[in-house]
>>> print(open('data-v4.pdb').read())   # PDB, C-alpha atoms and all ligand atoms
ATOM      1  CA  MET H 284     104.525  80.420 115.937
ATOM      2  CA  GLU H 285     107.153  82.162 118.074
ATOM      3  CA  ASN H 286     109.695  84.668 116.784
ATOM      4  CA  VAL H 287     107.993  85.319 113.471
ATOM      5  CA  VAL H 288     108.811  88.670 111.870
ATOM      6  CA  VAL H 289     106.813  89.656 108.791
ATOM      7  CA  ILE H 290     108.612  92.075 106.497
ATOM      8  CA  LYS H 291     106.606  93.693 103.727
ATOM      9  CA  CYS H 292     108.837  94.913 100.906
ATOM     10  CA  GLY H 293     107.083  97.624  98.894
ATOM     11  CA  GLY H 294     107.452  97.780  95.152
ATOM     12  CA  SER H 295     108.599 101.380  95.609
ATOM     13  CA  THR H 296     111.801 100.280  97.307
ATOM     14  CA  LEU H 297     112.682  96.935  95.717
ATOM     15  CA  ALA H 298     115.298  98.458  93.419
ATOM     16  CA  SER H 299     117.065 100.243  96.275
ATOM     17  CA  LEU H 300     117.332  97.304  98.671
ATOM     18  CA  SER H 301     121.056  96.712  99.258
ATOM     19  CA  SER H 302     122.953  93.513 100.061
ATOM     20  CA  ASP H 303     123.102  94.974 103.566
ATOM     21  CA  PHE H 304     119.325  94.697 103.814
ATOM     22  CA  PHE H 305     119.321  91.026 102.810
ATOM     23  CA  GLU H 306     122.263  90.274 105.102
ATOM     24  CA  GLY H 307     120.226  91.836 107.924
ATOM     25  CA  ILE H 308     117.436  89.357 107.212
ATOM     26  CA  ALA H 309     119.934  86.487 107.113
ATOM     27  CA  ALA H 310     121.333  87.645 110.476
ATOM     28  CA  MET H 311     117.796  87.681 111.885
ATOM     29  CA  LYS H 312     117.383  84.054 110.835
ATOM     30  CA  GLN H 313     120.711  83.120 112.408
ATOM     31  CA  LYS H 314     119.566  84.689 115.701
ATOM     32  CA  GLY H 315     116.577  82.316 115.769
ATOM     33  CA  LYS H 316     113.934  84.658 114.362
ATOM     34  CA  HIS H 317     111.706  83.523 111.525
ATOM     35  CA  PRO H 318     111.406  86.198 108.861
ATOM     36  CA  ILE H 319     108.626  85.961 106.287
ATOM     37  CA  ILE H 320     108.695  88.328 103.313
ATOM     38  CA  VAL H 321     105.490  89.576 101.704
ATOM     39  CA  HIS H 322     106.224  91.733  98.692
ATOM     40  CA  GLY H 323     104.462  94.229  96.478
ATOM     41  CA  GLY H 324     105.471  95.356  93.044
ATOM     42  CA  GLY H 325     103.100  98.187  92.134
ATOM     43  CA  PRO H 326     105.586 100.156  89.960
ATOM     44  CA  ALA H 327     106.647  97.009  88.042
ATOM     45  CA  ILE H 328     102.961  96.150  87.427
ATOM     46  CA  ASN H 329     102.402  99.718  86.195
ATOM     47  CA  GLN H 330     105.323  99.340  83.811
ATOM     48  CA  MET H 331     104.022  96.091  82.363
ATOM     49  CA  LEU H 332     100.510  97.521  81.950
ATOM     50  CA  ASP H 333     102.022 100.569  80.306
ATOM     51  CA  GLU H 334     103.944  98.409  77.847
ATOM     52  CA  GLU H 335     100.784  96.454  77.096
ATOM     53  CA  LYS H 336      98.836  99.745  76.786
ATOM     54  CA  VAL H 337      96.347  98.653  79.445
ATOM     55  CA  GLU H 338      94.887 101.513  81.503
ATOM     56  CA  THR H 339      95.193 101.240  85.267
ATOM     57  CA  GLU H 340      93.369 103.145  87.980
ATOM     58  CA  PHE H 341      93.557 103.232  91.780
ATOM     59  CA  VAL H 342      90.532 103.646  94.032
ATOM     60  CA  ASP H 343      91.302 104.305  97.737
ATOM     61  CA  GLY H 344      94.874 103.077  97.190
ATOM     62  CA  LEU H 345      93.703  99.787  95.583
ATOM     63  CA  ARG H 346      94.182  98.899  91.928
ATOM     64  CA  LYS H 347      90.968  98.402  89.975
ATOM     65  CA  THR H 348      91.599  94.914  88.627
ATOM     66  CA  THR H 349      90.153  93.620  85.356
ATOM     67  CA  PRO H 350      90.995  90.036  84.272
ATOM     68  CA  GLU H 351      93.688  91.532  82.010
ATOM     69  CA  VAL H 352      95.201  93.540  84.885
ATOM     70  CA  LEU H 353      95.117  90.488  87.161
ATOM     71  CA  LYS H 354      97.040  88.460  84.599
ATOM     72  CA  ALA H 355      99.748  91.115  84.351
ATOM     73  CA  ALA H 356      99.925  91.587  88.142
ATOM     74  CA  GLU H 357     100.290  87.851  88.732
ATOM     75  CA  LYS H 358     102.955  87.535  86.056
ATOM     76  CA  VAL H 359     105.040  90.385  87.471
ATOM     77  CA  LEU H 360     104.630  89.526  91.161
ATOM     78  CA  THR H 361     105.194  85.768  90.938
ATOM     79  CA  GLY H 362     107.772  86.215  88.182
ATOM     80  CA  HIS H 363     110.659  88.615  88.293
ATOM     81  CA  VAL H 364     109.786  90.365  91.587
ATOM     82  CA  SER H 365     109.663  87.094  93.502
ATOM     83  CA  ASP H 366     112.705  85.660  91.678
ATOM     84  CA  GLY H 367     114.717  88.803  92.410
ATOM     85  CA  LEU H 368     114.021  88.689  96.148
ATOM     86  CA  VAL H 369     114.684  84.948  96.394
ATOM     87  CA  SER H 370     118.021  85.247  94.627
ATOM     88  CA  CYS H 371     119.119  88.234  96.794
ATOM     89  CA  LEU H 372     118.303  86.228  99.939
ATOM     90  CA  GLN H 373     120.187  83.223  98.594
ATOM     91  CA  GLN H 374     123.186  85.436  97.885
ATOM     92  CA  ALA H 375     123.018  86.527 101.533
ATOM     93  CA  GLY H 376     123.436  82.861 102.471
ATOM     94  CA  VAL H 377     119.906  81.829 103.442
ATOM     95  CA  LYS H 378     117.402  79.465 101.868
ATOM     96  CA  ALA H 379     114.345  81.203 100.408
ATOM     97  CA  ILE H 380     111.282  80.013  98.526
ATOM     98  CA  GLY H 381     109.004  82.107  96.336
ATOM     99  CA  LEU H 382     105.317  81.383  96.941
ATOM    100  CA  SER H 383     102.206  82.776  95.349
ATOM    101  CA  GLY H 384      99.159  83.027  97.603
ATOM    102  CA  VAL H 385      97.587  80.648  95.108
ATOM    103  CA  ASP H 386     100.119  77.870  95.844
ATOM    104  CA  GLU H 387      98.424  75.169  97.929
ATOM    105  CA  HIS H 388      95.714  77.763  98.707
ATOM    106  CA  LEU H 389      98.151  79.656 100.927
ATOM    107  CA  LEU H 390      96.012  82.825 100.822
ATOM    108  CA  GLU H 391      92.223  82.626 100.502
ATOM    109  CA  ALA H 392      90.352  85.847  99.841
ATOM    110  CA  VAL H 393      86.877  87.283  99.490
ATOM    111  CA  SER H 394      86.188  89.974  96.928
ATOM    112  CA  VAL H 395      86.088  93.524  98.295
ATOM    113  CA  ASP H 396      83.651  95.183  95.882
ATOM    114  CA  ILE H 397      83.424  93.698  92.387
ATOM    115  CA  GLU H 398      81.542  96.709  90.937
ATOM    116  CA  LYS H 399      83.919  99.301  92.305
ATOM    117  CA  LEU H 400      87.277  97.479  92.266
ATOM    118  CA  GLY H 401      86.902  94.388  90.079
ATOM    119  CA  LEU H 402      89.024  91.363  91.028
ATOM    120  CA  VAL H 403      90.426  92.717  94.302
ATOM    121  CA  GLY H 404      90.459  90.557  97.397
ATOM    122  CA  ASP H 405      90.643  90.791 101.145
ATOM    123  CA  ILE H 406      92.310  87.845 102.841
ATOM    124  CA  GLU H 407      89.999  85.746 104.967
ATOM    125  CA  GLN H 408      92.312  82.810 105.578
ATOM    126  CA  VAL H 409      96.033  82.163 105.632
ATOM    127  CA  ASN H 410      96.925  78.489 105.535
ATOM    128  CA  THR H 411      99.689  78.756 108.073
ATOM    129  CA  LYS H 412     100.623  75.060 107.906
ATOM    130  CA  ILE H 413     102.318  75.680 104.575
ATOM    131  CA  LEU H 414     104.408  78.517 105.973
ATOM    132  CA  LYS H 415     105.284  76.558 109.115
ATOM    133  CA  ARG H 416     106.427  73.641 106.981
ATOM    134  CA  TYR H 417     108.838  75.835 104.994
ATOM    135  CA  ILE H 418     110.062  77.654 108.102
ATOM    136  CA  GLU H 419     110.745  74.347 109.846
ATOM    137  CA  ALA H 420     112.793  73.313 106.812
ATOM    138  CA  ASP H 421     114.784  76.564 107.287
ATOM    139  CA  PHE H 422     113.381  78.446 104.299
ATOM    140  CA  ILE H 423     112.369  82.091 104.294
ATOM    141  CA  PRO H 424     108.959  82.257 102.560
ATOM    142  CA  VAL H 425     108.705  85.071  99.984
ATOM    143  CA  ILE H 426     104.994  85.632  99.314
ATOM    144  CA  ALA H 427     103.324  87.300  96.303
ATOM    145  CA  PRO H 428      99.892  88.783  97.161
ATOM    146  CA  ILE H 429      97.672  86.920  94.718
ATOM    147  CA  ALA H 430      94.968  84.921  96.495
ATOM    148  CA  VAL H 431      92.489  82.181  95.612
ATOM    149  CA  ASN H 432      88.730  82.646  95.600
ATOM    150  CA  GLN H 433      86.071  80.026  94.896
ATOM    151  CA  THR H 434      83.909  82.254  92.713
ATOM    152  CA  TYR H 435      86.475  84.289  90.804
ATOM    153  CA  GLY H 436      89.459  81.902  90.773
ATOM    154  CA  LYS H 437      92.120  84.427  91.745
ATOM    155  CA  LEU H 438      92.073  87.905  93.290
ATOM    156  CA  ASN H 439      94.622  90.699  93.459
ATOM    157  CA  VAL H 440      95.375  91.685  97.059
ATOM    158  CA  ASN H 441      97.145  94.813  98.227
ATOM    159  CA  ALA H 442     100.504  93.660  99.594
ATOM    160  CA  ASP H 443     100.205  95.720 102.788
ATOM    161  CA  SER H 444      96.956  94.037 103.765
ATOM    162  CA  ALA H 445      98.352  90.628 102.748
ATOM    163  CA  ALA H 446     101.348  91.209 105.054
ATOM    164  CA  SER H 447      99.051  92.164 107.904
ATOM    165  CA  ALA H 448      96.898  89.051 107.381
ATOM    166  CA  VAL H 449      99.985  86.804 107.328
ATOM    167  CA  ALA H 450     101.382  88.469 110.453
ATOM    168  CA  LYS H 451      98.110  88.034 112.341
ATOM    169  CA  ALA H 452      97.609  84.419 111.265
ATOM    170  CA  MET H 453     101.196  83.443 112.116
ATOM    171  CA  LYS H 454     100.912  85.286 115.461
ATOM    172  CA  ALA H 455     103.992  87.262 114.491
ATOM    173  CA  ALA H 456     105.795  89.311 117.100
ATOM    174  CA  GLU H 457     106.663  92.035 114.631
ATOM    175  CA  LEU H 458     105.469  93.500 111.353
ATOM    176  CA  MET H 459     107.626  95.838 109.330
ATOM    177  CA  PHE H 460     106.684  97.791 106.206
ATOM    178  CA  VAL H 461     109.747  98.613 104.159
ATOM    179  CA  THR H 462     109.047 101.425 101.730
ATOM    180  CA  ASP H 463     110.601 104.430  99.959
ATOM    181  CA  VAL H 464     110.147 107.002 102.762
ATOM    182  CA  ASP H 465     111.668 107.113 106.269
ATOM    183  CA  GLY H 466     108.282 106.478 107.880
ATOM    184  CA  ILE H 467     105.198 108.617 108.436
ATOM    185  CA  LEU H 468     106.072 112.217 107.741
ATOM    186  CA  CYS H 469     104.119 115.246 108.932
ATOM    187  CA  GLU H 470     105.229 118.609 107.525
ATOM    188  CA  GLY H 471     108.492 116.971 106.476
ATOM    189  CA  GLN H 472     109.265 115.669 109.976
ATOM    190  CA  LEU H 473     109.500 111.962 110.780
ATOM    191  CA  GLU H 474     106.938 110.775 113.343
ATOM    192  CA  GLU H 475     109.002 108.273 115.360
ATOM    193  CA  ASN H 476     106.041 107.028 117.412
ATOM    194  CA  ILE H 477     102.433 107.392 116.430
ATOM    195  CA  THR H 478      99.145 106.114 117.863
ATOM    196  CA  VAL H 479      96.181 104.685 115.958
ATOM    197  CA  THR H 480      94.060 107.762 116.835
ATOM    198  CA  THR H 481      96.662 110.116 115.395
ATOM    199  CA  ILE H 482      96.773 107.988 112.234
ATOM    200  CA  GLU H 483      93.018 108.390 111.838
ATOM    201  CA  SER H 484      93.265 112.167 112.156
ATOM    202  CA  PHE H 485      96.237 112.222 109.716
ATOM    203  CA  ILE H 486      94.116 110.396 107.129
ATOM    204  CA  GLU H 487      91.206 112.765 107.710
ATOM    205  CA  ASN H 488      93.285 115.898 107.240
ATOM    206  CA  GLY H 489      95.258 114.549 104.280
ATOM    207  CA  VAL H 490      98.682 114.239 105.956
ATOM    208  CA  ILE H 491      98.497 110.524 105.133
ATOM    209  CA  TYR H 492      97.338 109.842 101.584
ATOM    210  CA  GLY H 493      97.749 107.479  98.605
ATOM    211  CA  GLY H 494      99.888 104.361  99.119
ATOM    212  CA  MET H 495     100.446 105.177 102.808
ATOM    213  CA  ILE H 496      96.722 104.617 103.524
ATOM    214  CA  PRO H 497      96.641 100.807 102.984
ATOM    215  CA  LYS H 498      99.887 100.603 104.983
ATOM    216  CA  VAL H 499      98.556 102.377 108.074
ATOM    217  CA  ASN H 500      95.198 100.600 107.820
ATOM    218  CA  ALA H 501      97.045  97.283 107.707
ATOM    219  CA  ALA H 502      99.136  98.371 110.683
ATOM    220  CA  LYS H 503      96.013  99.381 112.600
ATOM    221  CA  ASN H 504      94.384  96.088 111.806
ATOM    222  CA  SER H 505      97.450  94.106 112.936
ATOM    223  CA  LEU H 506      97.579  95.822 116.298
ATOM    224  CA  THR H 507      94.271  94.209 117.249
ATOM    225  CA  GLY H 508      96.070  90.839 117.241
ATOM    226  CA  GLN H 509      99.175  89.674 119.134
ATOM    227  CA  ILE H 510     101.611  91.856 117.279
ATOM    228  CA  GLU H 511     103.580  94.043 119.615
ATOM    229  CA  LYS H 512     105.377  96.179 117.107
ATOM    230  CA  VAL H 513     104.533  97.636 113.706
ATOM    231  CA  THR H 514     107.184  99.723 111.997
ATOM    232  CA  ILE H 515     107.290 101.638 108.721
ATOM    233  CA  ALA H 516     110.870 102.199 107.548
ATOM    234  CA  ASN H 517     112.929 103.132 104.519
ATOM    235  CA  GLY H 518     114.484 100.312 102.499
ATOM    236  CA  ASN H 519     117.426 102.517 101.520
ATOM    237  CA  GLY H 520     118.964 101.597 104.895
ATOM    238  CA  LYS H 521     120.189 105.135 105.704
ATOM    239  CA  ASN H 522     118.109 105.499 108.858
ATOM    240  CA  LYS H 523     119.224 102.858 111.366
ATOM    241  CA  ASN H 524     119.098 102.150 115.094
ATOM    242  CA  LYS H 525     122.337 101.507 117.024
ATOM    243  CA  ASP H 526     121.835  97.724 116.688
ATOM    244  CA  GLY H 527     121.717  98.041 112.902
ATOM    245  CA  THR H 528     117.959  97.501 112.564
ATOM    246  CA  LEU H 529     115.974  99.901 110.402
ATOM    247  CA  LYS H 530     114.650 102.998 112.173
ATOM    248  CA  GLY H 531     111.338 104.514 111.131
ATOM    249  CA  THR H 532     107.879 105.124 112.518
ATOM    250  CA  SER H 533     106.599 102.805 115.249
ATOM    251  CA  ILE H 534     102.841 102.490 115.312
ATOM    252  CA  VAL H 535     101.434 101.769 118.750
ATOM    253  CA  LYS H 536      98.028 101.099 120.281
ATOM    254  CA  ASP H 537      96.333 104.094 121.855
ATOM    255  CA  THR H 538      96.631 102.719 125.361
ATOM    256  CA  ALA H 539     100.399 102.326 125.050
ATOM    257  CA  SER H 540     102.743 105.137 125.905
ATOM    258  CA  THR H 541     104.335 106.814 122.913
ATOM    259  CA  PHE H 542     107.608 107.218 124.793
TER
HETATM  260  N1  LIG U   1     102.341 111.131 105.680
HETATM  261  C1  LIG U   1     103.081 110.453 104.807
HETATM  262  N2  LIG U   1     104.370 110.188 105.106
HETATM  263  C2  LIG U   1     105.156 109.534 104.227
HETATM  264  N3  LIG U   1     104.742 109.091 103.022
HETATM  265  C3  LIG U   1     103.462 109.315 102.667
HETATM  266  C4  LIG U   1     102.568 109.998 103.549
HETATM  267  N4  LIG U   1     101.366 110.061 102.947
HETATM  268  C5  LIG U   1     101.498 109.484 101.768
HETATM  269  N5  LIG U   1     102.740 109.026 101.576
HETATM  270  C6  LIG U   1     103.184 108.358 100.341
HETATM  271  O1  LIG U   1     103.206 106.964 100.540
HETATM  272  C7  LIG U   1     104.233 106.437  99.688
HETATM  273  C8  LIG U   1     104.539 105.009 100.084
HETATM  274  O2  LIG U   1     103.487 104.175  99.627
HETATM  275  P1  LIG U   1     103.646 103.327  98.276
HETATM  276  O3  LIG U   1     104.133 104.222  97.197
HETATM  277  O4  LIG U   1     102.399 102.575  98.052
HETATM  278  O5  LIG U   1     104.843 102.395  98.675
HETATM  279  P2  LIG U   1     105.078 100.814  98.675
HETATM  280  O6  LIG U   1     105.312 100.428  97.254
HETATM  281  O7  LIG U   1     106.302 100.694  99.513
HETATM  282  O8  LIG U   1     103.887 100.146  99.273
HETATM  283  C9  LIG U   1     105.342 107.443  99.845
HETATM  284  O9  LIG U   1     106.279 107.397  98.813
HETATM  285  C10 LIG U   1     104.571 108.775  99.898
HETATM  286  O10 LIG U   1     104.439 109.308  98.603
HETATM  287  C1  LIG U   2      94.727  95.417  94.899
HETATM  288  C2  LIG U   2      96.076  96.045  94.712
HETATM  289  O1  LIG U   2      96.197  97.258  94.728
HETATM  290  N1  LIG U   2      97.109  95.208  94.511
HETATM  291  C3  LIG U   2      98.452  95.662  94.312
HETATM  292  C4  LIG U   2      99.403  94.493  94.568
HETATM  293  C5  LIG U   2     100.859  94.915  94.595
HETATM  294  C6  LIG U   2     101.167  95.888  95.725
HETATM  295  O2  LIG U   2     100.439  96.064  96.680
HETATM  296  O3  LIG U   2     102.359  96.521  95.541
HETATM  297  P1  LIG U   2     102.986  97.704  96.415
HETATM  298  O4  LIG U   2     103.254  97.173  97.759
HETATM  299  O5  LIG U   2     104.238  98.043  95.685
HETATM  300  O6  LIG U   2     102.024  98.854  96.443
HETATM  301  C7  LIG U   2      98.659  96.190  92.864
HETATM  302  O7  LIG U   2      98.044  95.675  91.953
HETATM  303  O8  LIG U   2      99.478  97.100  92.712
END
>>> encode(input="data-v4.pdb", output="structure tokens", more="lines below")
Ligand SMILES: Nc1ncnc2c1ncn2[C@@H]1O[C@H](COP(=O)(O)OP(=O)(O)O)[C@@H](O)[C@H]1O
Ligand SMILES: CC(=O)N[C@@H](CCC(=O)OP(=O)(O)O)C(=O)O
Amino acid sequence: MENVVVIKCGGSTLASLSSDFFEGIAAMKQKGKHPIIVHGGGPAINQMLDEEKVETEFVDGLRKTTPEVLKAAEKVLTGHVSDGLVSCLQQAGVKAIGLSGVDEHLLEAVSVDIEKLGLVGDIEQVNTKILKRYIEADFIPVIAPIAVNQTYGKLNVNADSAASAVAKAMKAAELMFVTDVDGILCEGQLEENITVTTIESFIENGVIYGGMIPKVNAAKNSLTGQIEKVTIANGNGKNKNKDGTLKGTSIVKDTASTF
């Protein structure tokens, strides 16, 4: 579909997203673009697990997911995180619909490694018809990264990789990761343009670690499709381009010029 822009809202930044941010998305829609939101909610899931005294552990940036953890993650993501985003978009004057990846089998996943990670999935199919139907009816889809799986019922999917899968399947023109840092930082400096090869060396030498790893891997993966632009930017809205869009790190293919 033309003019699709996938915006991944990280759990780290949800609380600091301003009305300005949502008005920017509404303006995008008015200009004929089709934004799709894929959201995370890691900190809110941590809080719920903490309250329920359930231990949680991350392996390679992915949450080890027991059936108990999955239940909490689904409740938080499809509950107040999704509701919050939908109501902020509605306040900005656009129609929005909260969808779980489980709804109508929107996201179908295979398990990554049951022994190592438990109920964690990798998306193998995005049922784009559902998204197209909502977009054609003028809704902005707001997607929670819980997916269906024939064997295990449901799987917990990292929101960065879910956003990348949605962007690829919808043949999006743009993918943006909105997070709590200005972009990829190296020794405190913002990398405005970065190539896939540099990303790999940054992971190797520890400049990129933790929650930034699934983000850059998802970005890398998206650049093998039709996506022209992958950006990582801060949701606090302080770092902007002249046209009001968020400024951050642009990730480009190795063959492309970085200038
Ligand atoms: N090189 C890097 N530049 C910027 N942030 C980095 C880098 N390496 C790791 N990070 C970490 O990645 C975090 C963003 O990932 P994460 O906390 O998972 O956010 P989100 O909830 O938005 O997905 C940053 O807050 C920072 O701690
Ligand atoms: C498998 C896995 O790690 N799932 C994530 C899903 C939410 C997410 O990715 O949230 P952020 O974008 O805020 O990190 C989790 O359980 O935290």
>>> residues_around(input="data-v4.pdb", residues="H:Thr532", least_positions_apart="2", cutoff="7 Å", atoms="only C-alpha atoms", output="list in words")
Gly466, Ile467, Glu474, Glu475, Asn476, Thr514, Ile515, Ala516 and Ile534 of chain H
>>> closest_residue(input="data-v4.pdb", among="H:Val513, H:Pro428, H:Gly494, H:Val461", to="H:Ser299", atoms="all atoms listed in the file")
H:Val461
>>> atom_distance(input="data-v4.pdb", atom1="atom CA of H:Tyr492", atom2="atom CA of H:Gly471")
14.1 Å
>>> closest_residue(input="data-v4.pdb", among="H:Val377, H:Leu506, H:Val395, H:Ala452", to="H:Gln313", atoms="all atoms listed in the file")
H:Val377
>>> residues_near_ligand(input="data-v4.pdb", ligand="ligand LIG 2 (chain U)", cutoff="6 Å", atoms="only C-alpha atoms and all ligand atoms", output="PDB file with C-alpha atoms, in the coordinates of the input")
ATOM      1  CA  GLY H 293     107.083  97.624  98.894  1.00  0.00           C
ATOM      2  CA  GLY H 294     107.452  97.780  95.152  1.00  0.00           C
ATOM      3  CA  SER H 295     108.599 101.380  95.609  1.00  0.00           C
ATOM      4  CA  GLY H 323     104.462  94.229  96.478  1.00  0.00           C
ATOM      5  CA  GLY H 324     105.471  95.356  93.044  1.00  0.00           C
ATOM      6  CA  GLY H 325     103.100  98.187  92.134  1.00  0.00           C
ATOM      7  CA  LEU H 345      93.703  99.787  95.583  1.00  0.00           C
ATOM      8  CA  ARG H 346      94.182  98.899  91.928  1.00  0.00           C
ATOM      9  CA  ALA H 356      99.925  91.587  88.142  1.00  0.00           C
ATOM     10  CA  VAL H 403      90.426  92.717  94.302  1.00  0.00           C
ATOM     11  CA  ASN H 439      94.622  90.699  93.459  1.00  0.00           C
ATOM     12  CA  VAL H 440      95.375  91.685  97.059  1.00  0.00           C
ATOM     13  CA  ASN H 441      97.145  94.813  98.227  1.00  0.00           C
ATOM     14  CA  ALA H 442     100.504  93.660  99.594  1.00  0.00           C
TER      15      ALA H 442
END
>>> residues_around(input="data-v4.pdb", residues="H:Cys292", least_positions_apart="5", cutoff="8 Å", atoms="all atoms listed in the file", output="list in words")
Leu297, Ile320, Val321, His322, Gly323, Phe460, Val461, Thr462 and Gly518 of chain H
>>> closest_residue(input="data-v4.pdb", among="H:Leu473, H:Met311, H:Met331, H:Ile290", to="ligand LIG 1 (chain U)", atoms="only C-alpha atoms and all ligand atoms")
H:Leu473
>>> resolve_selection(input="data-v4.pdb", expression="the PyMOL selection byres (((chain H and resi 433) around 9) and not hetatm)", output="ChimeraX atom specification")
/H:391-393,431-432,434-437
>>> resolve_selection(input="data-v4.pdb", expression="the PyMOL selection byres (((chain H and resi 535) around 10) and not hetatm)", output="PyMOL selection string")
chain H and resi 476-480+502-503+506+511-514+532-534+536-541
>>> resolve_selection(input="data-v4.pdb", expression="the PyMOL selection byres (((chain H and resi 491) around 12) and not hetatm)", output="list in words")
Gly344, Gly466, Ile467, Leu468, Cys469, Glu470, Gly471, Glu474, Thr481, Ile482, Glu483, Ser484, Phe485, Ile486, Glu487, Asn488, Gly489, Val490, Tyr492, Gly493, Gly494, Met495, Ile496, Pro497, Lys498, Val499 and Asn500 of chain H
>>> closest_residue(input="data-v4.pdb", among="H:Val425, H:Leu382, H:Met459, H:Ile418", to="H:Met284", atoms="all atoms listed in the file")
H:Ile418
>>> closest_residue(input="data-v4.pdb", among="H:Leu390, H:Met453, H:Ala446, H:Leu529", to="ligand LIG 1 (chain U)", atoms="only C-alpha atoms and all ligand atoms")
H:Ala446
>>> atom_distance(input="data-v4.pdb", atom1="atom CA of H:Ile406", atom2="atom CA of H:Lys312")
26.6 Å
>>> atom_distance(input="data-v4.pdb", atom1="atom CA of H:Ser301", atom2="atom O7 of ligand LIG 1 (chain U)")
15.3 Å
>>> closest_residue(input="data-v4.pdb", among="H:Asp405, H:Ala501, H:Asp526, H:Pro318", to="H:Glu285", atoms="all atoms listed in the file")
H:Pro318
>>> axis_aligned_box(input="data-v4.pdb", around="stretch 413-431 of chain H", padding_each_side="5 Å", output="lines of an AutoDock Vina configuration file")
center_x = 103.6
center_y = 81.0
center_z = 102.3
size_x = 32.3
size_y = 25.5
size_z = 25.1
>>> residues_around(input="data-v4.pdb", residues="H:Cys371", least_positions_apart="5", cutoff="9 Å", atoms="only C-alpha atoms", output="compact mmCIF listing (two decimals) with C-alpha atoms, in the coordinates of the input")
# COMPACT_ATOMS: atom_id res chain seq x y z
CA SER H 302 122.95 93.51 100.06
CA PHE H 305 119.32 91.03 102.81
CA ASP H 366 112.70 85.66 91.68
CA GLY H 376 123.44 82.86 102.47
>>> residues_around(input="data-v4.pdb", residues="H:Ser365", least_positions_apart="2", cutoff="8 Å", atoms="all atoms listed in the file", output="VMD selection string")
chain H and resid 322 360 to 363 367 to 369 381 to 382 425 to 427
